[in-house]
>>> print(open('protein39.cif').read())   # mmCIF, C-alpha atoms
data_work
loop_
_atom_site.group_PDB
_atom_site.id
_atom_site.type_symbol
_atom_site.label_atom_id
_atom_site.label_comp_id
_atom_site.auth_asym_id
_atom_site.auth_seq_id
_atom_site.Cartn_x
_atom_site.Cartn_y
_atom_site.Cartn_z
ATOM 1 C CA MET A 1 -20.097 -20.416 14.640
ATOM 2 C CA PHE A 2 -18.295 -22.011 11.721
ATOM 3 C CA CYS A 3 -20.066 -24.419 9.378
ATOM 4 C CA ARG A 4 -17.734 -26.192 6.959
ATOM 5 C CA ILE A 5 -19.254 -28.495 4.358
ATOM 6 C CA ILE A 6 -16.963 -30.990 2.608
ATOM 7 C CA SER A 7 -18.888 -32.775 -0.126
ATOM 8 C CA ASP A 8 -19.274 -33.258 -3.881
ATOM 9 C CA ASP A 9 -23.062 -33.746 -3.562
ATOM 10 C CA TYR A 10 -24.721 -30.424 -4.423
ATOM 11 C CA ASP A 11 -28.131 -31.586 -3.218
ATOM 12 C CA TYR A 12 -26.603 -32.137 0.206
ATOM 13 C CA ILE A 13 -24.646 -28.865 0.014
ATOM 14 C CA ALA A 14 -27.816 -26.944 -0.876
ATOM 15 C CA GLU A 15 -29.697 -28.410 2.088
ATOM 16 C CA CYS A 16 -26.843 -27.428 4.427
ATOM 17 C CA VAL A 17 -26.819 -23.886 3.034
ATOM 18 C CA LYS A 18 -30.548 -23.620 3.730
ATOM 19 C CA ILE A 19 -30.086 -24.854 7.299
ATOM 20 C CA PHE A 20 -26.884 -23.020 8.224
ATOM 21 C CA GLY A 21 -27.123 -19.954 5.991
ATOM 22 C CA ASP A 22 -28.243 -17.384 8.558
ATOM 23 C CA ASP A 23 -26.223 -14.773 10.431
ATOM 24 C CA ARG A 24 -25.250 -17.169 13.214
ATOM 25 C CA PHE A 25 -22.880 -19.092 10.969
ATOM 26 C CA SER A 26 -19.773 -18.449 8.927
ATOM 27 C CA LEU A 27 -20.477 -20.827 6.053
ATOM 28 C CA GLN A 28 -17.747 -22.406 3.910
ATOM 29 C CA ILE A 29 -17.895 -25.212 1.376
ATOM 30 C CA TYR A 30 -14.973 -27.391 0.264
ATOM 31 C CA VAL A 31 -15.208 -28.689 -3.300
ATOM 32 C CA ALA A 32 -12.972 -29.346 -6.303
ATOM 33 C CA ASP A 33 -15.068 -27.214 -8.685
ATOM 34 C CA ASN A 34 -14.495 -23.621 -9.780
ATOM 35 C CA ILE A 35 -16.605 -20.693 -8.577
ATOM 36 C CA ASP A 36 -18.869 -20.602 -11.663
ATOM 37 C CA LYS A 37 -19.773 -24.265 -11.188
ATOM 38 C CA VAL A 38 -20.522 -23.758 -7.469
ATOM 39 C CA THR A 39 -22.704 -20.713 -8.126
ATOM 40 C CA SER A 40 -24.665 -22.337 -10.951
ATOM 41 C CA GLU A 41 -25.261 -25.547 -8.965
ATOM 42 C CA LEU A 42 -26.672 -23.558 -6.038
ATOM 43 C CA VAL A 43 -28.848 -21.415 -8.322
ATOM 44 C CA ALA A 44 -30.220 -24.577 -9.953
ATOM 45 C CA ARG A 45 -31.389 -25.608 -6.484
ATOM 46 C CA GLY A 46 -33.091 -22.301 -5.742
ATOM 47 C CA ILE A 47 -30.245 -20.721 -3.773
ATOM 48 C CA SER A 48 -29.128 -17.282 -4.953
ATOM 49 C CA ARG A 49 -26.207 -16.310 -2.755
ATOM 50 C CA SER A 50 -22.944 -14.470 -3.038
ATOM 51 C CA VAL A 51 -20.081 -16.945 -3.448
ATOM 52 C CA GLU A 52 -16.493 -15.818 -2.880
ATOM 53 C CA HIS A 53 -13.315 -17.842 -3.290
ATOM 54 C CA TYR A 54 -11.454 -18.082 0.015
ATOM 55 C CA LEU A 55 -8.500 -20.369 -0.586
ATOM 56 C CA CYS A 56 -7.367 -23.538 -2.286
ATOM 57 C CA ARG A 57 -5.067 -26.314 -1.198
ATOM 58 C CA LYS A 58 -2.515 -27.763 -3.578
ATOM 59 C CA VAL A 59 -0.544 -30.986 -3.263
ATOM 60 C CA TYR A 60 2.816 -32.134 -4.624
ATOM 61 C CA THR A 61 3.333 -35.783 -5.562
ATOM 62 C CA GLY A 62 6.485 -35.511 -7.654
ATOM 63 C CA GLU A 63 10.156 -36.190 -7.025
ATOM 64 C CA PRO A 64 12.355 -34.012 -4.769
ATOM 65 C CA PHE A 65 13.430 -30.784 -6.425
ATOM 66 C CA SER A 66 16.921 -30.144 -7.702
ATOM 67 C CA ILE A 67 17.539 -26.642 -6.371
ATOM 68 C CA ASP A 68 19.959 -24.205 -7.973
ATOM 69 C CA MET A 69 20.613 -21.380 -5.540
ATOM 70 C CA PRO A 70 21.436 -17.905 -6.922
ATOM 71 C CA ASP A 71 24.835 -16.453 -6.072
ATOM 72 C CA GLY A 72 25.014 -15.509 -2.400
ATOM 73 C CA ILE A 73 21.720 -17.220 -1.446
ATOM 74 C CA ARG A 74 21.464 -20.425 0.572
ATOM 75 C CA ILE A 75 18.809 -22.167 2.681
ATOM 76 C CA ARG A 76 19.450 -24.608 5.523
ATOM 77 C CA GLU A 77 17.653 -26.322 8.373
ATOM 78 C CA LEU A 78 17.949 -24.243 11.528
ATOM 79 C CA ASP A 79 19.552 -25.288 14.795
ATOM 80 C CA LYS A 80 18.471 -24.347 18.300
ATOM 81 C CA GLU A 81 21.361 -21.872 18.457
ATOM 82 C CA ASP A 82 19.754 -19.826 15.650
ATOM 83 C CA VAL A 83 16.989 -18.569 17.937
ATOM 84 C CA GLU A 84 18.275 -14.982 18.119
ATOM 85 C CA ASP A 85 18.359 -14.682 14.334
ATOM 86 C CA VAL A 86 14.777 -15.954 14.194
ATOM 87 C CA CYS A 87 13.760 -13.321 16.769
ATOM 88 C CA ARG A 88 15.551 -10.641 14.741
ATOM 89 C CA ILE A 89 13.618 -11.552 11.594
ATOM 90 C CA CYS A 90 10.391 -11.539 13.607
ATOM 91 C CA GLY A 91 11.159 -7.963 14.641
ATOM 92 C CA GLN A 92 11.874 -6.945 11.037
ATOM 93 C CA THR A 93 8.705 -8.495 9.644
ATOM 94 C CA GLY A 94 6.272 -7.491 12.391
ATOM 95 C CA ILE A 95 5.283 -10.985 13.500
ATOM 96 C CA ASN A 96 4.780 -12.172 17.074
ATOM 97 C CA LYS A 97 8.331 -12.649 18.397
ATOM 98 C CA SER A 98 7.422 -14.444 21.630
ATOM 99 C CA ARG A 99 5.098 -16.906 19.882
ATOM 100 C CA PHE A 100 7.602 -17.868 17.208
ATOM 101 C CA LYS A 101 10.451 -18.054 19.707
ATOM 102 C CA SER A 102 8.384 -20.487 21.760
ATOM 103 C CA LEU A 103 7.440 -22.587 18.707
ATOM 104 C CA PHE A 104 11.039 -22.573 17.520
ATOM 105 C CA LEU A 105 12.511 -23.752 20.844
ATOM 106 C CA GLU A 106 9.772 -26.364 21.307
ATOM 107 C CA SER A 107 10.603 -27.833 17.905
ATOM 108 C CA PHE A 108 13.946 -28.982 19.369
ATOM 109 C CA ASP A 109 12.463 -30.380 22.591
ATOM 110 C CA GLU A 110 12.847 -34.137 22.214
ATOM 111 C CA LYS A 111 10.678 -34.727 25.295
ATOM 112 C CA LYS A 112 7.722 -32.906 23.729
ATOM 113 C CA GLU A 113 5.859 -35.356 21.525
ATOM 114 C CA SER A 114 4.120 -34.025 18.450
ATOM 115 C CA SER A 115 0.367 -34.461 18.388
ATOM 116 C CA ASP A 116 -2.349 -34.667 15.747
ATOM 117 C CA LYS A 117 -3.551 -31.263 16.930
ATOM 118 C CA TYR A 118 -0.299 -29.310 17.104
ATOM 119 C CA GLY A 119 2.089 -31.309 14.957
ATOM 120 C CA ARG A 120 5.827 -30.853 14.679
ATOM 121 C CA TRP A 121 7.189 -27.466 13.614
ATOM 122 C CA LEU A 122 9.880 -27.241 10.941
ATOM 123 C CA PHE A 123 12.108 -24.200 10.420
ATOM 124 C CA ASN A 124 14.582 -23.276 7.667
ATOM 125 C CA GLY A 125 16.794 -20.205 7.510
ATOM 126 C CA ILE A 126 17.310 -18.178 4.322
ATOM 127 C CA TYR A 127 20.706 -16.526 3.996
ATOM 128 C CA HIS A 128 22.305 -13.883 1.809
ATOM 129 C CA ASN A 129 26.096 -13.795 2.055
ATOM 130 C CA ASP A 130 25.923 -15.724 5.370
ATOM 131 C CA GLU A 131 23.452 -13.299 6.978
ATOM 132 C CA MET A 132 19.984 -14.632 7.755
ATOM 133 C CA ILE A 133 17.478 -12.569 5.741
ATOM 134 C CA GLY A 134 14.393 -14.635 6.518
ATOM 135 C CA PHE A 135 13.032 -17.988 7.597
ATOM 136 C CA ASP A 136 10.232 -20.322 6.676
ATOM 137 C CA THR A 137 8.133 -22.465 8.944
ATOM 138 C CA ASP A 138 5.546 -25.185 8.706
ATOM 139 C CA ALA A 139 3.587 -27.494 10.996
ATOM 140 C CA PHE A 140 3.955 -31.179 10.120
ATOM 141 C CA PHE A 141 1.127 -33.524 11.154
ATOM 142 C CA SER A 142 0.402 -37.222 11.163
ATOM 143 C CA VAL A 143 -3.319 -37.716 10.565
ATOM 144 C CA ARG A 144 -5.107 -41.023 9.935
ATOM 145 C CA GLY A 145 -2.010 -42.725 8.631
ATOM 146 C CA PHE A 146 -0.892 -39.819 6.431
ATOM 147 C CA SER A 147 1.768 -37.208 7.181
ATOM 148 C CA VAL A 148 1.046 -33.761 5.765
ATOM 149 C CA ASN A 149 2.044 -30.165 6.387
ATOM 150 C CA ASN A 150 -0.242 -27.250 7.213
ATOM 151 C CA GLY A 151 0.880 -24.621 4.694
ATOM 152 C CA ILE A 152 4.390 -23.210 4.315
ATOM 153 C CA GLN A 153 4.937 -19.595 5.326
ATOM 154 C CA THR A 154 8.085 -17.641 4.504
ATOM 155 C CA PHE A 155 8.939 -14.493 6.461
ATOM 156 C CA LEU A 156 11.157 -11.962 4.693
ATOM 157 C CA PRO A 157 11.845 -8.246 5.160
ATOM 158 C CA VAL A 158 10.232 -6.145 2.427
ATOM 159 C CA LYS A 159 13.344 -5.751 0.267
ATOM 160 C CA TYR A 160 13.754 -9.533 -0.022
ATOM 161 C CA ARG A 161 10.106 -10.377 -0.809
ATOM 162 C CA LYS A 162 10.721 -11.668 -4.306
ATOM 163 C CA ASP A 163 8.968 -14.580 -5.951
ATOM 164 C CA GLU A 164 12.304 -16.231 -6.694
ATOM 165 C CA ILE A 165 13.120 -16.466 -2.978
ATOM 166 C CA PHE A 166 9.594 -17.556 -2.003
ATOM 167 C CA MET A 167 9.799 -20.321 -4.627
ATOM 168 C CA LEU A 168 13.223 -21.485 -3.422
ATOM 169 C CA SER A 169 11.849 -21.607 0.114
ATOM 170 C CA LEU A 170 8.856 -23.678 -1.033
ATOM 171 C CA LYS A 171 11.075 -26.133 -2.923
ATOM 172 C CA PHE A 172 13.433 -26.566 0.030
ATOM 173 C CA MET A 173 10.621 -27.186 2.533
ATOM 174 C CA THR A 174 8.883 -29.507 0.064
ATOM 175 C CA ASN A 175 12.044 -31.609 -0.109
ATOM 176 C CA ARG A 176 12.211 -31.751 3.708
ATOM 177 C CA ILE A 177 8.606 -32.952 3.925
ATOM 178 C CA LEU A 178 9.261 -35.608 1.272
ATOM 179 C CA GLU A 179 12.325 -36.776 3.214
ATOM 180 C CA LEU A 180 10.138 -37.141 6.316
ATOM 181 C CA GLY A 181 7.737 -39.345 4.375
ATOM 182 C CA GLY A 182 5.034 -36.703 4.102
ATOM 183 C CA ILE A 183 2.740 -35.369 1.397
ATOM 184 C CA PRO A 184 3.641 -31.700 0.750
ATOM 185 C CA THR A 185 0.660 -29.337 0.505
ATOM 186 C CA TYR A 186 0.404 -25.609 -0.102
ATOM 187 C CA VAL A 187 -2.397 -23.165 0.656
ATOM 188 C CA SER A 188 -3.050 -20.125 -1.529
ATOM 189 C CA GLY A 189 -5.867 -17.622 -1.835
ATOM 190 C CA ALA A 190 -6.923 -15.285 0.964
ATOM 191 C CA ILE A 191 -3.438 -15.410 2.458
ATOM 192 C CA LYS A 192 -1.160 -12.366 2.740
ATOM 193 C CA SER A 193 1.271 -12.267 -0.167
ATOM 194 C CA ASP A 194 4.084 -11.154 2.141
ATOM 195 C CA VAL A 195 4.284 -14.703 3.531
ATOM 196 C CA LYS A 196 3.328 -16.621 0.366
ATOM 197 C CA GLY A 197 4.502 -14.684 -2.679
ATOM 198 C CA GLU A 198 2.581 -14.042 -5.871
ATOM 199 C CA PHE A 199 3.743 -16.992 -8.003
ATOM 200 C CA ASP A 200 1.565 -19.982 -8.878
ATOM 201 C CA PRO A 201 2.883 -23.231 -7.293
ATOM 202 C CA LYS A 202 1.318 -25.117 -10.232
ATOM 203 C CA ASP A 203 4.308 -23.872 -12.234
ATOM 204 C CA ILE A 204 6.550 -26.195 -10.209
ATOM 205 C CA GLY A 205 4.250 -29.213 -10.102
ATOM 206 C CA PHE A 206 1.713 -28.596 -7.335
ATOM 207 C CA ARG A 207 -1.901 -29.309 -8.290
ATOM 208 C CA ASN A 208 -5.224 -28.196 -6.808
ATOM 209 C CA ILE A 209 -7.044 -30.774 -4.691
ATOM 210 C CA TRP A 210 -9.847 -28.577 -3.321
ATOM 211 C CA ASN A 211 -11.189 -25.050 -3.201
ATOM 212 C CA VAL A 212 -12.859 -23.304 -0.283
ATOM 213 C CA TYR A 213 -15.701 -20.852 -0.918
ATOM 214 C CA GLU A 214 -17.472 -18.571 1.517
ATOM 215 C CA ILE A 215 -21.234 -18.339 1.119
ATOM 216 C CA PHE A 216 -22.820 -15.015 2.041
ATOM 217 C CA LYS A 217 -26.353 -13.595 2.179
ATOM 218 C CA ALA A 218 -28.758 -13.887 -0.707
ATOM 219 C CA THR A 219 -27.910 -11.689 -3.676
ATOM 220 C CA ASP A 220 -30.409 -9.130 -5.026
#
>>> encode(input="protein39.cif", output="structure tokens")
Amino acid sequence: MFCRIISDDYDYIAECVKIFGDDRFSLQIYVADNIDKVTSELVARGISRSVEHYLCRKVYTGEPFSIDMPDGIRIRELDKEDVEDVCRICGQTGINKSRFKSLFLESFDEKKESSDKYGRWLFNGIYHNDEMIGFDTDAFFSVRGFSVNNGIQTFLPVKYRKDEIFMLSLKFMTNRILELGGIPTYVSGAIKSDVKGEFDPKDIGFRNIWNVYEIFKATD
């Protein structure tokens, strides 16, 4: 069972760790502080446990990006007719072709309303000399009056997995989310670098809003 604690009150967090800290639970805490602060606050309350950083979510609140594409590279919103290219990239990158084909086609189904649970899927194609070399995707949600995305992923064959292309993809999707009236967010941490890249989104204006830490058994 998962136990996720979202709080800035370390007394409350410590009590939850005591209650839910056994082997029945996968325990995570969501805070703005760094790992040293989390560890020291737990130790001060008599809890000596292994704390590991899992991921962090970043948010962008700036203006749309002005994007300068390198020679031969372009990114565009995909149409329903691009489904075969999407399936081809799925085959080249080892991701689930049938799942992404279904998500892709559903994203153009005007009769299928987006929901708070599943959201609306967005897809962009990445091209080199008019050949699709990858695509990015994101789920776009409306939750409690806010519209946010669920973490942009960019799928590229190995030879095109360069930070420059990942960053261009992030900027393009960020602009789309802004145009839709949303708040662009980005997840980094325990996520495979082949769908996120190695660059730091803070370099282009994203900022951390919370960190997630996993809490394990007591340390010796």
>>> residues_around(input="protein39.cif", residues="A:Lys159", least_positions_apart="3", cutoff="10 Å", atoms="all atoms listed in the file", output="list in words")
Ile133, Leu156 and Lys162 of chain A
>>> atom_distance(input="protein39.cif", atom1="atom CA of A:Met167", atom2="atom CA of A:Gly94")
21.6 Å
>>> closest_residue(input="protein39.cif", among="A:Asp85, A:Asp130, A:Asp136, A:Asp194", to="A:Pro157", atoms="all atoms listed in the file")
A:Asp194
>>> residues_around(input="protein39.cif", residues="A:Gly119", least_positions_apart="6", cutoff="6 Å", atoms="only C-alpha atoms", output="PyMOL selection string")
chain A and resi 139-141
>>> residues_around(input="protein39.cif", residues="A:Asp23", least_positions_apart="6", cutoff="10 Å", atoms="only C-alpha atoms", output="PyMOL selection string")
chain A and resi 1+216-217
>>> resolve_selection(input="protein39.cif", expression="the PyMOL selection byres ((chain A and resi 48-61) around 10)", output="number ranges by chain")
A: 17, 21, 28-32, 34-36, 38-47, 62-64, 148, 150-151, 174, 178, 182-191, 201-202, 204-220
>>> resolve_selection(input="protein39.cif", expression="the PyMOL selection byres ((chain A and resi 74) around 9)", output="VMD selection string")
chain A and resid 69 to 73 75 to 76 125 to 130
>>> atom_distance(input="protein39.cif", atom1="atom CA of A:Leu78", atom2="atom CA of A:Gly134")
11.4 Å
>>> closest_residue(input="protein39.cif", among="A:Asn96, A:Ser102, A:Ser107, A:Asn175", to="A:Phe155", atoms="only C-alpha atoms")
A:Asn96
>>> closest_residue(input="protein39.cif", among="A:Phe20, A:Ser147, A:Cys3, A:Thr154", to="A:Glu179", atoms="all atoms listed in the file")
A:Ser147
>>> residues_near_point(input="protein39.cif", point="(10.0, -22.6, 9.1)", cutoff="6 Å", atoms="all atoms listed in the file", output="list in words")
Leu122, Phe123, Asn124, Phe135, Asp136, Thr137 and Asp138 of chain A
>>> atom_distance(input="protein39.cif", atom1="atom CA of A:Ile177", atom2="atom CA of A:Asp8")
29.0 Å
>>> closest_residue(input="protein39.cif", among="A:Arg24, A:Asp33, A:Gly145, A:Val195", to="A:Asp9", atoms="all atoms listed in the file")
A:Asp33
>>> closest_residue(input="protein39.cif", among="A:Phe25, A:Ile89, A:Asp79, A:Glu131", to="A:Phe108", atoms="all atoms listed in the file")
A:Asp79
>>> closest_residue(input="protein39.cif", among="A:Met173, A:Ile67, A:Ile95, A:Leu105", to="A:Val83", atoms="all atoms listed in the file")
A:Leu105
